[in-house]
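Dropping upload_35.pdb in here (PDB, C-alpha atoms and all ligand atoms):
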ATOM      1  CA  MET A  26     -20.048  12.331   4.905
ATOM      2  CA  LYS A  27     -18.595  11.080   8.172
ATOM      3  CA  LEU A  28     -15.277  12.857   7.935
ATOM      4  CA  GLY A  29     -14.648  15.131  10.901
ATOM      5  CA  SER A  30     -17.698  13.948  12.852
ATOM      6  CA  ASP A  31     -15.691  10.918  13.802
ATOM      7  CA  VAL A  32     -12.922  12.582  15.819
ATOM      8  CA  PRO A  33     -11.450   9.956  18.132
ATOM      9  CA  MET A  34     -11.783  10.064  21.912
ATOM     10  CA  THR A  35      -8.151   9.325  22.698
ATOM     11  CA  ARG A  36      -4.902   9.260  20.768
ATOM     12  CA  ASN A  37      -4.869   5.447  20.905
ATOM     13  CA  ASP A  38      -8.329   5.292  19.333
ATOM     14  CA  ALA A  39      -7.200   7.460  16.427
ATOM     15  CA  PRO A  40      -7.161   5.622  13.111
ATOM     16  CA  ILE A  41      -4.260   4.624  10.912
ATOM     17  CA  VAL A  42      -4.641   6.300   7.521
ATOM     18  CA  VAL A  43      -3.562   4.241   4.506
ATOM     19  CA  LEU A  44      -3.474   5.768   1.030
ATOM     20  CA  ASP A  45      -2.727   4.604  -2.481
ATOM     21  CA  SER A  46      -3.387   5.630  -6.058
ATOM     22  CA  GLY A  47      -5.996   2.886  -6.322
ATOM     23  CA  LEU A  48      -7.045  -0.176  -4.413
ATOM     24  CA  GLY A  49      -3.706  -2.007  -4.391
ATOM     25  CA  GLY A  50      -2.915  -0.472  -0.998
ATOM     26  CA  LEU A  51      -5.617  -2.710   0.445
ATOM     27  CA  THR A  52      -2.942  -5.441   0.405
ATOM     28  CA  VAL A  53      -1.186  -3.323   3.053
ATOM     29  CA  VAL A  54      -4.479  -2.856   4.926
ATOM     30  CA  GLN A  55      -4.843  -6.624   5.042
ATOM     31  CA  ALA A  56      -1.361  -6.995   6.541
ATOM     32  CA  LEU A  57      -2.024  -4.222   9.086
ATOM     33  CA  HIS A  58      -5.338  -5.752  10.118
ATOM     34  CA  ALA A  59      -3.798  -9.216  10.471
ATOM     35  CA  ARG A  60      -1.289  -7.814  12.990
ATOM     36  CA  MET A  61      -3.526  -5.225  14.675
ATOM     37  CA  PRO A  62      -7.156  -6.325  14.330
ATOM     38  CA  GLN A  63      -8.229  -3.827  16.993
ATOM     39  CA  GLU A  64      -7.085  -0.792  14.980
ATOM     40  CA  ARG A  65      -9.394   1.451  12.958
ATOM     41  CA  ILE A  66      -8.174   2.075   9.433
ATOM     42  CA  VAL A  67      -9.175   4.830   7.026
ATOM     43  CA  TYR A  68      -8.283   3.912   3.453
ATOM     44  CA  PHE A  69      -8.043   6.406   0.611
ATOM     45  CA  GLY A  70      -7.752   5.186  -2.993
ATOM     46  CA  ASP A  71      -7.200   7.949  -5.541
ATOM     47  CA  THR A  72      -8.988   5.901  -8.194
ATOM     48  CA  ALA A  73      -9.849   8.875 -10.420
ATOM     49  CA  ARG A  74      -6.178   9.769 -10.862
ATOM     50  CA  LEU A  75      -4.658   6.273 -11.080
ATOM     51  CA  PRO A  76      -2.078   5.447 -12.363
ATOM     52  CA  TYR A  77       0.517   7.427 -10.417
ATOM     53  CA  GLY A  78       3.206   5.273 -12.035
ATOM     54  CA  SER A  79       3.332   7.316 -15.242
ATOM     55  CA  LYS A  80       3.321  10.735 -13.532
ATOM     56  CA  THR A  81       6.032  13.133 -12.377
ATOM     57  CA  PRO A  82       7.258  13.512  -8.781
ATOM     58  CA  ALA A  83       5.695  17.008  -8.591
ATOM     59  CA  THR A  84       2.245  15.751  -9.600
ATOM     60  CA  VAL A  85       2.307  12.715  -7.330
ATOM     61  CA  THR A  86       3.537  14.814  -4.383
ATOM     62  CA  HIS A  87       0.728  17.298  -4.979
ATOM     63  CA  PHE A  88      -1.902  14.518  -5.071
ATOM     64  CA  VAL A  89      -0.620  12.910  -1.870
ATOM     65  CA  GLU A  90      -0.527  16.247  -0.055
ATOM     66  CA  GLN A  91      -4.137  16.959  -1.062
ATOM     67  CA  ILE A  92      -5.223  13.578   0.290
ATOM     68  CA  ILE A  93      -3.414  13.973   3.601
ATOM     69  CA  HIS A  94      -4.796  17.508   4.043
ATOM     70  CA  TYR A  95      -8.264  16.114   3.439
ATOM     71  CA  LEU A  96      -7.833  13.326   5.980
ATOM     72  CA  GLU A  97      -6.178  15.473   8.671
ATOM     73  CA  PRO A  98      -9.499  15.933  10.581
ATOM     74  CA  PHE A  99      -9.268  12.240  11.502
ATOM     75  CA  GLN A 100      -6.143  13.125  13.508
ATOM     76  CA  PRO A 101      -4.465   9.892  12.398
ATOM     77  CA  LYS A 102      -1.917   8.387  14.740
ATOM     78  CA  HIS A 103      -0.013   7.148  11.719
ATOM     79  CA  VAL A 104      -0.157   7.549   7.935
ATOM     80  CA  VAL A 105       1.028   4.805   5.591
ATOM     81  CA  ILE A 106       1.728   5.766   1.990
ATOM     82  CA  ALA A 107       0.822   2.300   0.694
ATOM     83  CA  CYS A 108       1.912   3.089  -2.837
ATOM     84  CA  ASN A 109       5.432   2.343  -3.962
ATOM     85  CA  THR A 110       5.321   5.100  -6.555
ATOM     86  CA  ALA A 111       4.206   7.735  -4.061
ATOM     87  CA  SER A 112       6.666   6.432  -1.454
ATOM     88  CA  ALA A 113       9.497   6.625  -3.984
ATOM     89  CA  LEU A 114       8.573  10.054  -5.356
ATOM     90  CA  ALA A 115       6.893  11.945  -2.558
ATOM     91  CA  LEU A 116       7.619  10.572   0.932
ATOM     92  CA  GLU A 117      10.435  12.952   1.902
ATOM     93  CA  SER A 118       8.639  16.023   0.641
ATOM     94  CA  VAL A 119       5.311  15.037   2.223
ATOM     95  CA  ARG A 120       7.048  14.501   5.581
ATOM     96  CA  GLU A 121       8.350  18.067   5.364
ATOM     97  CA  THR A 122       4.871  19.385   4.585
ATOM     98  CA  PHE A 123       3.329  17.557   7.562
ATOM     99  CA  PRO A 124       6.054  17.627  10.231
ATOM    100  CA  ASP A 125       3.585  16.754  13.016
ATOM    101  CA  LEU A 126       2.329  13.584  11.373
ATOM    102  CA  SER A 127       4.056  10.237  11.570
ATOM    103  CA  ILE A 128       4.285   9.030   7.962
ATOM    104  CA  THR A 129       5.926   5.934   6.493
ATOM    105  CA  GLY A 130       6.090   4.408   3.046
ATOM    106  CA  VAL A 131       6.542   0.958   1.577
ATOM    107  CA  VAL A 132       9.841   1.123  -0.328
ATOM    108  CA  GLU A 133      12.256   0.912   2.614
ATOM    109  CA  PRO A 134      10.355  -1.993   4.276
ATOM    110  CA  GLY A 135      10.287  -3.845   0.935
ATOM    111  CA  ALA A 136      14.019  -3.311   0.419
ATOM    112  CA  ARG A 137      14.730  -4.525   3.968
ATOM    113  CA  ALA A 138      12.546  -7.612   3.527
ATOM    114  CA  ALA A 139      14.403  -8.453   0.300
ATOM    115  CA  VAL A 140      17.845  -8.104   1.895
ATOM    116  CA  ASP A 141      16.696 -10.134   4.919
ATOM    117  CA  ALA A 142      15.491 -12.899   2.576
ATOM    118  CA  LEU A 143      18.995 -13.397   1.092
ATOM    119  CA  ARG A 144      20.376 -16.736   2.246
ATOM    120  CA  PRO A 145      24.011 -17.069   3.362
ATOM    121  CA  GLY A 146      26.346 -17.784   0.460
ATOM    122  CA  GLU A 147      23.782 -16.630  -2.081
ATOM    123  CA  GLU A 148      24.679 -14.086  -4.793
ATOM    124  CA  PRO A 149      23.017 -10.837  -3.632
ATOM    125  CA  VAL A 150      21.139 -10.345  -6.902
ATOM    126  CA  ILE A 151      17.718  -8.782  -6.349
ATOM    127  CA  GLY A 152      15.116  -8.164  -9.045
ATOM    128  CA  VAL A 153      12.505  -5.447  -8.634
ATOM    129  CA  ILE A 154       9.359  -5.037 -10.728
ATOM    130  CA  ALA A 155       7.548  -1.742 -10.299
ATOM    131  CA  THR A 156       5.904   1.159 -12.107
ATOM    132  CA  GLU A 157       7.864   3.320 -14.541
ATOM    133  CA  ALA A 158       8.077   6.184 -12.048
ATOM    134  CA  THR A 159       9.331   3.945  -9.224
ATOM    135  CA  VAL A 160      11.988   2.433 -11.475
ATOM    136  CA  ARG A 161      13.030   5.862 -12.763
ATOM    137  CA  SER A 162      13.385   7.166  -9.195
ATOM    138  CA  ARG A 163      15.934   4.398  -8.345
ATOM    139  CA  ALA A 164      14.398   4.387  -4.858
ATOM    140  CA  TYR A 165      14.633   0.597  -4.532
ATOM    141  CA  VAL A 166      18.214   0.506  -5.859
ATOM    142  CA  LEU A 167      19.296   3.112  -3.319
ATOM    143  CA  ALA A 168      17.376   1.532  -0.426
ATOM    144  CA  ILE A 169      18.742  -1.966  -1.151
ATOM    145  CA  GLU A 170      22.327  -0.776  -1.698
ATOM    146  CA  ASP A 171      22.119   1.168   1.533
ATOM    147  CA  LEU A 172      21.356  -2.060   3.408
ATOM    148  CA  CYS A 173      23.584  -4.354   1.335
ATOM    149  CA  PRO A 174      26.285  -2.464  -0.605
ATOM    150  CA  SER A 175      27.336  -5.604  -2.524
ATOM    151  CA  ALA A 176      23.810  -6.154  -3.876
ATOM    152  CA  ARG A 177      23.159  -6.094  -7.595
ATOM    153  CA  VAL A 178      19.686  -4.731  -8.221
ATOM    154  CA  ILE A 179      17.897  -5.339 -11.514
ATOM    155  CA  THR A 180      14.823  -3.186 -11.971
ATOM    156  CA  ARG A 181      12.139  -3.561 -14.597
ATOM    157  CA  ALA A 182       9.157  -1.300 -15.232
ATOM    158  CA  THR A 183       5.998  -3.364 -15.662
ATOM    159  CA  PRO A 184       3.342  -0.746 -16.456
ATOM    160  CA  LEU A 185       0.772  -3.097 -17.962
ATOM    161  CA  LEU A 186       0.334  -5.082 -14.770
ATOM    162  CA  VAL A 187      -1.639  -2.399 -12.916
ATOM    163  CA  HIS A 188      -4.124  -2.168 -15.800
ATOM    164  CA  VAL A 189      -4.429  -5.925 -16.142
ATOM    165  CA  ILE A 190      -5.176  -6.196 -12.414
ATOM    166  CA  GLU A 191      -7.562  -3.208 -12.337
ATOM    167  CA  GLU A 192      -9.417  -4.822 -15.226
ATOM    168  CA  GLY A 193     -10.108  -7.734 -12.902
ATOM    169  CA  ARG A 194      -8.205 -10.343 -14.884
ATOM    170  CA  GLU A 195      -7.555 -13.480 -12.879
ATOM    171  CA  LEU A 196      -4.461 -15.627 -12.423
ATOM    172  CA  ASP A 197      -5.601 -18.172 -14.995
ATOM    173  CA  ASP A 198      -5.976 -15.496 -17.705
ATOM    174  CA  PRO A 199      -3.476 -16.201 -20.532
ATOM    175  CA  LEU A 200      -2.810 -12.465 -20.930
ATOM    176  CA  VAL A 201      -1.690 -12.190 -17.308
ATOM    177  CA  ARG A 202       0.706 -15.130 -17.754
ATOM    178  CA  LEU A 203       2.091 -13.724 -21.020
ATOM    179  CA  CYS A 204       2.593 -10.279 -19.492
ATOM    180  CA  LEU A 205       4.477 -11.698 -16.534
ATOM    181  CA  GLN A 206       6.582 -14.046 -18.660
ATOM    182  CA  GLN A 207       7.685 -11.170 -20.898
ATOM    183  CA  TYR A 208       8.433  -8.836 -18.032
ATOM    184  CA  LEU A 209      10.227 -11.397 -15.870
ATOM    185  CA  ALA A 210      12.421 -13.005 -18.558
ATOM    186  CA  PRO A 211      15.250 -10.411 -18.533
ATOM    187  CA  ILE A 212      15.335 -10.497 -14.724
ATOM    188  CA  LEU A 213      15.376 -14.290 -14.552
ATOM    189  CA  ASP A 214      18.289 -14.339 -17.047
ATOM    190  CA  ARG A 215      20.368 -12.673 -14.311
ATOM    191  CA  ARG A 216      19.522 -15.474 -11.811
ATOM    192  CA  PRO A 217      18.181 -13.361  -8.932
ATOM    193  CA  SER A 218      17.921 -14.681  -5.375
ATOM    194  CA  ALA A 219      14.946 -12.486  -4.599
ATOM    195  CA  LEU A 220      12.265 -10.635  -6.529
ATOM    196  CA  VAL A 221      10.569  -7.593  -5.012
ATOM    197  CA  LEU A 222       6.974  -6.896  -5.998
ATOM    198  CA  GLY A 223       7.532  -3.138  -5.966
ATOM    199  CA  CYS A 224       3.914  -2.124  -6.460
ATOM    200  CA  THR A 225       1.064  -2.708  -4.033
ATOM    201  CA  HIS A 226      -1.079  -4.135  -6.832
ATOM    202  CA  TYR A 227       1.227  -7.023  -7.601
ATOM    203  CA  PRO A 228       0.780  -9.259  -4.519
ATOM    204  CA  ILE A 229      -2.525 -10.557  -5.902
ATOM    205  CA  LEU A 230      -0.510 -12.098  -8.740
ATOM    206  CA  ARG A 231       1.882 -13.711  -6.261
ATOM    207  CA  PRO A 232       0.899 -17.383  -6.837
ATOM    208  CA  LEU A 233       1.549 -17.075 -10.580
ATOM    209  CA  ILE A 234       4.724 -15.030 -10.060
ATOM    210  CA  CYS A 235       6.034 -17.683  -7.620
ATOM    211  CA  GLU A 236       5.283 -20.382 -10.180
ATOM    212  CA  LEU A 237       7.088 -18.486 -12.961
ATOM    213  CA  VAL A 238      10.226 -17.583 -10.988
ATOM    214  CA  GLY A 239      10.617 -20.976  -9.304
ATOM    215  CA  LYS A 240      11.323 -21.991  -5.719
ATOM    216  CA  GLN A 241      14.916 -20.719  -5.717
ATOM    217  CA  VAL A 242      13.723 -17.077  -5.893
ATOM    218  CA  SER A 243      12.211 -15.497  -2.750
ATOM    219  CA  VAL A 244       9.228 -13.377  -3.759
ATOM    220  CA  ILE A 245       8.941 -10.314  -1.528
ATOM    221  CA  ASP A 246       6.273  -7.700  -1.076
ATOM    222  CA  SER A 247       6.515  -4.877   1.404
ATOM    223  CA  ALA A 248       3.086  -5.282   3.006
ATOM    224  CA  ALA A 249       4.100  -7.673   5.808
ATOM    225  CA  GLN A 250       7.287  -5.780   6.714
ATOM    226  CA  CYS A 251       5.511  -2.432   6.498
ATOM    227  CA  ALA A 252       2.711  -3.627   8.808
ATOM    228  CA  GLN A 253       5.228  -5.076  11.275
ATOM    229  CA  ASP A 254       7.126  -1.761  11.328
ATOM    230  CA  VAL A 255       3.918   0.220  11.949
ATOM    231  CA  ARG A 256       2.979  -2.108  14.791
ATOM    232  CA  GLU A 257       6.398  -1.691  16.430
ATOM    233  CA  HIS A 258       6.306   2.072  15.909
ATOM    234  CA  LEU A 259       2.897   2.363  17.623
ATOM    235  CA  ALA A 260       3.835  -0.085  20.399
ATOM    236  CA  GLU A 261       7.042   1.836  21.197
ATOM    237  CA  ARG A 262       4.986   5.021  21.616
ATOM    238  CA  GLY A 263       2.224   3.354  23.646
ATOM    239  CA  LEU A 264      -0.225   4.117  20.824
ATOM    240  CA  LEU A 265      -1.688   0.672  20.153
ATOM    241  CA  ARG A 266      -5.417   0.580  20.644
ATOM    242  CA  ASP A 267      -6.444  -1.441  23.680
ATOM    243  CA  ALA A 268      -6.618  -5.002  22.338
ATOM    244  CA  GLY A 269      -9.444  -5.730  24.781
ATOM    245  CA  TYR A 270     -11.612  -3.061  23.224
ATOM    246  CA  ASP A 271     -13.738  -4.137  20.319
ATOM    247  CA  MET A 272     -16.692  -2.309  18.830
ATOM    248  CA  LEU A 273     -18.421  -5.629  18.295
ATOM    249  CA  GLU A 274     -17.833  -6.904  21.839
ATOM    250  CA  SER A 275     -21.543  -7.053  22.519
ATOM    251  CA  ILE A 276     -22.290  -9.358  19.635
ATOM    252  CA  ARG A 277     -19.254 -11.566  19.332
ATOM    253  CA  PRO A 278     -18.500 -14.427  21.716
ATOM    254  CA  ALA A 279     -15.604 -13.659  24.061
ATOM    255  CA  GLY A 280     -12.299 -14.844  22.691
ATOM    256  CA  LEU A 281     -13.301 -14.846  19.036
ATOM    257  CA  PRO A 282     -10.518 -13.049  17.154
ATOM    258  CA  PRO A 283     -11.868  -9.674  16.030
ATOM    259  CA  ILE A 284     -10.125 -10.226  12.683
ATOM    260  CA  ASP A 285     -13.396 -11.921  11.714
ATOM    261  CA  ALA A 286     -15.340  -8.743  12.392
ATOM    262  CA  PRO A 287     -17.110  -7.249   9.362
ATOM    263  CA  ALA A 288     -14.875  -4.748   7.630
ATOM    264  CA  GLU A 289     -17.301  -1.861   8.248
ATOM    265  CA  SER A 290     -16.520  -2.048  11.982
ATOM    266  CA  TRP A 291     -12.838  -1.214  11.492
ATOM    267  CA  LEU A 292     -12.387   0.024   7.913
ATOM    268  CA  GLN A 293     -13.700   3.137   6.214
ATOM    269  CA  CYS A 294     -12.886   3.562   2.533
ATOM    270  CA  TYR A 295     -12.715   6.721   0.440
ATOM    271  CA  VAL A 296     -12.198   6.832  -3.326
ATOM    272  CA  THR A 297     -12.034   9.675  -5.839
ATOM    273  CA  ASP A 298     -14.031   7.770  -8.460
ATOM    274  CA  ASP A 299     -16.628   5.159  -7.613
ATOM    275  CA  SER A 300     -15.981   2.470 -10.157
ATOM    276  CA  PRO A 301     -18.441  -0.417 -10.304
ATOM    277  CA  ARG A 302     -15.312  -2.523  -9.975
ATOM    278  CA  PHE A 303     -14.711  -1.327  -6.393
ATOM    279  CA  ALA A 304     -16.499  -4.227  -4.684
ATOM    280  CA  MET A 305     -14.819  -6.884  -6.824
ATOM    281  CA  LEU A 306     -11.338  -5.378  -6.564
ATOM    282  CA  ALA A 307     -11.576  -4.485  -2.888
ATOM    283  CA  SER A 308     -12.578  -7.983  -1.892
ATOM    284  CA  ARG A 309      -9.835  -9.421  -4.102
ATOM    285  CA  PHE A 310      -7.157  -7.233  -2.522
ATOM    286  CA  LEU A 311      -8.475  -7.605   1.002
ATOM    287  CA  GLY A 312      -9.895 -11.107   1.002
ATOM    288  CA  ILE A 313     -13.194  -9.978   2.580
ATOM    289  CA  THR A 314     -16.260  -7.997   1.510
ATOM    290  CA  VAL A 315     -15.999  -4.236   1.970
ATOM    291  CA  ALA A 316     -18.774  -1.683   2.533
ATOM    292  CA  PRO A 317     -19.293   0.792  -0.350
ATOM    293  CA  PRO A 318     -16.790   3.653  -0.214
ATOM    294  CA  GLU A 319     -17.373   7.373   0.311
ATOM    295  CA  VAL A 320     -16.659   9.256  -2.904
ATOM    296  CA  VAL A 321     -14.591  12.444  -2.750
ATOM    297  CA  SER A 322     -13.981  14.047  -6.111
ATOM    298  CA  PRO A 323     -10.547  15.476  -6.960
ATOM    299  CA  ASP A 324     -12.305  18.895  -7.120
ATOM    300  CA  GLU A 325     -13.329  18.490  -3.487
ATOM    301  CA  LEU A 326      -9.753  17.661  -2.525
ATOM    302  CA  PHE A 327      -8.538  20.745  -4.362
ATOM    303  CA  ALA A 328     -11.225  22.991  -2.844
ATOM    304  CA  ASN A 329     -10.402  21.698   0.634
ATOM    305  CA  LEU A 330      -6.711  22.513   0.195
ATOM    306  CA  THR A 331      -7.473  25.975  -1.178
ATOM    307  CA  ALA A 332      -9.846  26.713   1.711
ATOM    308  CA  GLN A 333      -7.179  25.720   4.247
ATOM    309  CA  ALA A 334      -4.642  27.975   2.552
ATOM    310  CA  LEU A 335      -6.891  31.064   2.823
TER     311      LEU A 335
HETATM  312  N1  LIG A 401      -0.105   1.097  -6.337
HETATM  313  C1  LIG A 401       0.909   1.809  -7.079
HETATM  314  C2  LIG A 401       2.287   1.441  -6.551
HETATM  315  O1  LIG A 401       2.401   0.752  -5.547
HETATM  316  C3  LIG A 401       0.866   1.519  -8.549
HETATM  317  C4  LIG A 401      -0.347   1.947  -9.303
HETATM  318  C5  LIG A 401      -0.172   3.254 -10.043
HETATM  319  O2  LIG A 401       0.589   3.343 -11.009
HETATM  320  O3  LIG A 401      -0.819   4.195  -9.610
HETATM  321  O4  LIG A 401       3.269   1.858  -7.132
END

Mind converting the file's structure to structure tokens?
Ligand code: DGL
Amino acid sequence: MKLGSDVPMTRNDAPIVVLDSGLGGLTVVQALHARMPQERIVYFGDTARLPYGSKTPATVTHFVEQIIHYLEPFQPKHVVIACNTASALALESVRETFPDLSITGVVEPGARAAVDALRPGEEPVIGVIATEATVRSRAYVLAIEDLCPSARVITRATPLLVHVIEEGRELDDPLVRLCLQQYLAPILDRRPSALVLGCTHYPILRPLICELVGKQVSVIDSAAQCAQDVREHLAERGLLRDAGYDMLESIRPAGLPPIDAPAESWLQCYVTDDSPRFAMLASRFLGITVAPPEVVSPDELFANLTAQAL
């Protein structure tokens, strides 16, 4: 395994670590790469322990801490918890556990994007669909009300969606449409101005969701805002990787945007269970083909944490 043998030369060359319970966080990777194609990204999908959305804050916090401990040898310059559930349940506690790491989540950027999308004169009614744990945490309600105290936030747990997506069902699948119609109906009854896709899996259903909610509802996901925030955070600290540097410089014609570079030159993926679905799902979430992931079992994560504690 390459972990640890790949310690970066300078702080700017250090990777951004992105983690999620599964592969949905690759929607955030896509947004990060679109804004910072020169950055190296290490992605960790805890596929063996998905879903996080039905688990308790203590369990999710424990899982996220194990993953970050495991990835610490990369000396990441930033860590993105690209999972709404983990952001809602574990972000504050994980920041306390790793005070020297810069760590952000996806709930606050999603809430901000939703409030920013409200048009003048519009009723500030915002719908949020998310996992059961995210809804129970009220993290979106609190984050939105913090930014817009007059907002009315309607949340709805939509637990089936993660499974439907992980199963590889496509937008034209009648079950996907039925699921969304059932889940969205009570929100649409309240005539929202915006709908937040409060789970990193959901953006791949965006075209169908947009069709079902209609043009008058702004459909928001946190990936774009989260990626923009990370870019600004790194730029402010002088930590962006030199845009002129590109591992593929020797083989690509000058001026060609490195965003076209094969994913293996900038993205390294880790999963806790190597499902045969990885290739299909990863390319669906990311829009490009991804090299096979490294597999790290949950036992390895646990053993690593125990060894560090001794
Ligand atoms: N990707 C997770 C999120 O954004 C949902 C999947 C899960 O339940 O683990 O909340």

Please provide as a list of chain:residue names all residues within 9 Å of Leu75 of chain A, with the sequence filter that same-chain residues fewer than 3 positions apart are discarded (counting all atoms listed in the file).
->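 Listing them by chain and then by number gives A:Asp45, A:Ser46, A:Gly47, A:Gly70, A:Asp71, A:Thr72, A:Gly78.
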
Could I get the residue neighbourhood of ligand LIG 401 (chain A) at 9 Å, counting only C-alpha atoms and all ligand atoms, as an MDAnalysis selection string?
-> chainID A and resid 45:50 71:72 74:80 107:113 131 155:159 184 186:188 222:227

Can you turn the PyMOL selection byres (((chain A and resi 40) around 6) and not hetatm) into a concrete residue list for this file, as a list in words?
->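 Applying the expression gives Ala39, Ile41, Arg65, Ile66 and Pro101 of chain A.
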
Counting only C-alpha atoms, find the residues whose atoms lie at most 12 Å from (8.6, 10.7, 11.3) (file coordinates) and write them out as a ChimeraX atom specification.
-> /A:102-105,116-130,255,258-259

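Closest approach to Cys294 of chain A among A:Asp38, A:Phe69, A:Val89, A:Asn329 is made by A:Phe69 (distances from all atoms listed in the file).
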
Test item: the PyMOL selection byres (((chain A and resi 254) around 12) and not hetatm) resolved as a PyMOL selection string = chain A and resi 53+56-57+60-61+103+105+128-131+133-135+137-138+247-253+255-261

Mind giving me the axis-aligned box for segment 87-92 of chain A with 6 Å on every side, centre plus edges in Å to one decimal, as lines of an AutoDock Vina configuration file?
center_x = -2.2
center_y = 15.1
center_z = -2.4
size_x = 18.0
size_y = 16.4
size_z = 17.4
